[in-house]
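Please read the structure below before turning to the comments.
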Amino acid sequence: MLVRDGAIVATGPSDGIESQVSPEAEVVDATGCVVLPGFVDAHAHPVFAGNRVDEFELRARGATYEEIAASGGGIRSTVRKTRAATEDQLLAQAIKHAEWFLRGGTTTVEAKSGYGLSLEDEVKILRVVRRLNDETAVEFVPTFLGAHAIPEEFQSTPERYVGLVIDEMLPRVAEEELAEFCDVFCEHGYFDIETSRKILSAAKERGLGLRMHADQLTNSGGAELAAELGAVTADHLEQTEAPGIAAMKRAGVQPVLLPGSVYALGKNRYPRAREMIEAGLAVVIATDFNPGSSPTPSMPMVLSLAATQMKMTPAEGVSAATINAAYSLNRGDKIGSLEAGKLANFTLFDCADYRELAYYFGVPQTHSVFVGGERVYPL
Ligand code: NIG
Ligand code: FE
């Protein structure tokens, strides 16, 4: 692979490339390594304060995610901590998360807000995302998720919070170009179908692309709503059945599957990846990195889960974690594969066969990571 000025110029056998290499070129020797495009993690919540390790123990002792949320924990507990944190404190913690992504070979990460749930705190998170792009080698793609939960102070008047999202947050996010996408947690007890339709329609009018947390805990017709609205992606889909899959296919919605959250919540119903692939959908897999349901930034771990729990082949997993994911973030022309004209974002892994990435789970195999042709890990 020949790289110049941060972009890939040519790929192929050495014979065809070496004649184009100038003497001062730097040579990266990948002998014995697998070289892949940097992973594109198309669903993540990387900006938050603190963690929820206390709830992790409660779940180990038998409590469920839903019970913990109903008693005031869950998303709301991270919201309390994130509101109390300054922008600089959030940035410092998120920089640590960015380093974890790189270590797993990930070079692009979607970044949702959603732990602020007030105008100022949502904007604070999206500003942190912007600063992460300046201060780390990872590219972060911002998504506005003001409709992640109803905050405590609006518990008895949820419709007023929805009004705030539509009338104050969305206009500000659009005006300051703080996000490329808008997402909603469409779920009983969070935002129902009617409310999700209202919020996402308003976002669409303001020019934002649509993503959706759909059918995670219950099947409420989230996949069908994503299709109706022309969303770019419908994510989670653990409870989605054949009609939802058919609707996504008709409308060209990409499914984003998050097996790390099923695993970490100790559940056993994984989304129907095989049926989606068989239907011809360009399936994406992502970490859902967040402090509650999926505290992993590791795409190799997700590749393992995709193979063992969703019966995706290692090759389908790699496509879902790179090129399909790049298209779902409107970046299919720039990243996600190693082809002439694309950015030179790539990772070397210490293995001889790409299938070993999913096979040897829990062991770091990243040798080095390059963004725009520059080595960014290890430094
Ligand atoms: O994708 N489902 C909603 N949002 C996250 C969980 C967030 C949290 O628990 O903090 C998810 O699983
Ligand atoms: Fe999520």
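By convention here, the chains of the structure tokens are called A, B, ... in the order presented, each chain's residues are numbered starting at 1, and ligands are numbered starting at 1 in the order presented.
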Kindly provide the residues of segment 37-66 of chain A that approach segment 116-137 of chain A to within 9 Å, each paired with its closest atom pair and their distance in Å to one decimal, based on only C-alpha atoms, listed by chain and increasing number, as JSON lines.
```
{"residue": "A:Pro46", "atom": "CA", "partner": "A:Val129", "partner_atom": "CA", "distance": 8.8}
{"residue": "A:Val47", "atom": "CA", "partner": "A:Ile125", "partner_atom": "CA", "distance": 6.6}
{"residue": "A:Phe48", "atom": "CA", "partner": "A:Ile125", "partner_atom": "CA", "distance": 8.0}
```
Hey, what's within 9 Å of Glu55 of chain A if we count only C-alpha atoms and toss same-chain stuff fewer than 3 positions away? As a PyMOL selection string, please? chain A and resi 52+58-60+63+65+68+73-74+292
File of the preceding selection, N, CA and C atoms, as an mmCIF file, in the first residue's frame:
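Dumped to out-v4.cif:
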```cif
data_model
loop_
_atom_site.group_PDB
_atom_site.id
_atom_site.type_symbol
_atom_site.label_atom_id
_atom_site.label_comp_id
_atom_site.auth_asym_id
_atom_site.auth_seq_id
_atom_site.Cartn_x
_atom_site.Cartn_y
_atom_site.Cartn_z
ATOM 1 N N ARG A 52 -20.479 3.303 36.251
ATOM 2 C CA ARG A 52 -21.609 2.694 36.972
ATOM 3 C C ARG A 52 -21.210 1.310 37.481
ATOM 4 N N LEU A 58 -24.531 -4.708 41.315
ATOM 5 C CA LEU A 58 -25.938 -5.038 41.615
ATOM 6 C C LEU A 58 -26.491 -6.047 40.609
ATOM 7 N N ARG A 59 -26.117 -5.880 39.334
ATOM 8 C CA ARG A 59 -26.609 -6.830 38.326
ATOM 9 C C ARG A 59 -25.993 -8.209 38.539
ATOM 10 N N ALA A 60 -24.718 -8.211 38.950
ATOM 11 C CA ALA A 60 -24.082 -9.505 39.246
ATOM 12 C C ALA A 60 -24.825 -10.205 40.382
ATOM 13 N N ALA A 63 -29.958 -8.069 40.169
ATOM 14 C CA ALA A 63 -30.865 -6.988 39.750
ATOM 15 C C ALA A 63 -30.832 -6.856 38.225
ATOM 16 N N TYR A 65 -31.281 -4.417 34.606
ATOM 17 C CA TYR A 65 -31.053 -3.049 34.120
ATOM 18 C C TYR A 65 -32.323 -2.218 34.313
ATOM 19 N N ILE A 68 -32.958 -1.337 38.038
ATOM 20 C CA ILE A 68 -32.017 -0.307 38.502
ATOM 21 C C ILE A 68 -32.455 1.067 37.979
ATOM 22 N N GLY A 73 -31.512 4.807 39.273
ATOM 23 C CA GLY A 73 -30.157 4.626 38.724
ATOM 24 C C GLY A 73 -30.202 4.666 37.215
ATOM 25 N N GLY A 74 -29.299 3.959 36.571
ATOM 26 C CA GLY A 74 -29.289 3.903 35.115
ATOM 27 C C GLY A 74 -28.837 5.219 34.501
ATOM 28 N N GLY A 292 -23.406 2.229 31.176
ATOM 29 C CA GLY A 292 -24.445 1.380 31.737
ATOM 30 C C GLY A 292 -24.500 0.007 31.103
#
```
Could you name the residues that touch segment 178-186 of chain A at 9 Å or less, counting only C-alpha atoms, but leaving out those on the same chain fewer than 4 positions away, as a PyMOL selection string? chain A and resi 112+123+126-127+129-130+141-149+170+172-174+190-193+195-196+199-200+203-204+207-216+220+222+329
Return as a PyMOL selection string every polymer residue, whether protein, DNA or RNA, with at least one atom no more than 8 Å from an atom of ligand 2; count only C-alpha atoms and all ligand atoms. chain A and resi 43-45+213+235-236+288-290
Report as a ChimeraX atom specification: the residues of segment 28-79 of chain A with a DSSP assignment of strand (DSSP E), based on the backbone of this structure. /A:34-37,39-41
Please write the residues from the selection above to a file, keeping N, CA, C and O atoms, as a PDB file, in the first residue's frame.
```pdb
ATOM      1  N   VAL A  34      -1.649  -8.787  10.032  1.00  0.00           N
ATOM      2  CA  VAL A  34      -2.846  -8.512   9.252  1.00  0.00           C
ATOM      3  C   VAL A  34      -3.028  -6.998   9.228  1.00  0.00           C
ATOM      4  O   VAL A  34      -2.864  -6.341  10.255  1.00  0.00           O
ATOM      5  N   VAL A  35      -3.329  -6.434   8.078  1.00  0.00           N
ATOM      6  CA  VAL A  35      -3.583  -4.991   7.962  1.00  0.00           C
ATOM      7  C   VAL A  35      -5.053  -4.796   7.594  1.00  0.00           C
ATOM      8  O   VAL A  35      -5.528  -5.361   6.610  1.00  0.00           O
ATOM      9  N   LEU A  36      -5.753  -4.027   8.408  1.00  0.00           N
ATOM     10  CA  LEU A  36      -7.174  -3.761   8.157  1.00  0.00           C
ATOM     11  C   LEU A  36      -7.431  -2.260   8.168  1.00  0.00           C
ATOM     12  O   LEU A  36      -6.671  -1.505   8.790  1.00  0.00           O
ATOM     13  N   PRO A  37      -8.519  -1.827   7.533  1.00  0.00           N
ATOM     14  CA  PRO A  37      -8.926  -0.430   7.689  1.00  0.00           C
ATOM     15  C   PRO A  37      -9.189  -0.164   9.173  1.00  0.00           C
ATOM     16  O   PRO A  37      -9.626  -1.076   9.886  1.00  0.00           O
ATOM     17  N   PHE A  39     -11.090   0.459  12.394  1.00  0.00           N
ATOM     18  CA  PHE A  39     -12.498   0.161  12.659  1.00  0.00           C
ATOM     19  C   PHE A  39     -13.295   1.456  12.762  1.00  0.00           C
ATOM     20  O   PHE A  39     -12.802   2.480  13.241  1.00  0.00           O
ATOM     21  N   VAL A  40     -14.536   1.390  12.311  1.00  0.00           N
ATOM     22  CA  VAL A  40     -15.457   2.520  12.382  1.00  0.00           C
ATOM     23  C   VAL A  40     -16.563   2.108  13.358  1.00  0.00           C
ATOM     24  O   VAL A  40     -17.356   1.214  13.061  1.00  0.00           O
ATOM     25  N   ASP A  41     -16.566   2.722  14.529  1.00  0.00           N
ATOM     26  CA  ASP A  41     -17.522   2.357  15.579  1.00  0.00           C
ATOM     27  C   ASP A  41     -18.711   3.321  15.475  1.00  0.00           C
ATOM     28  O   ASP A  41     -18.652   4.458  15.936  1.00  0.00           O
TER      29      ASP A  41
END
```
Could you tell me how far atom CA of Ser293 of chain A lies from atom CA of Gln89 of chain A, in Å and to one decimal?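 Atom CA of Gln89 of chain A lies 22.5 Å from atom CA of Ser293 of chain A.
Using only C-alpha atoms and all ligand atoms for every distance, the candidate list A:Leu164, A:Leu217, A:Ile245, A:Met1 yields A:Leu217 as the residue closest to ligand 1.
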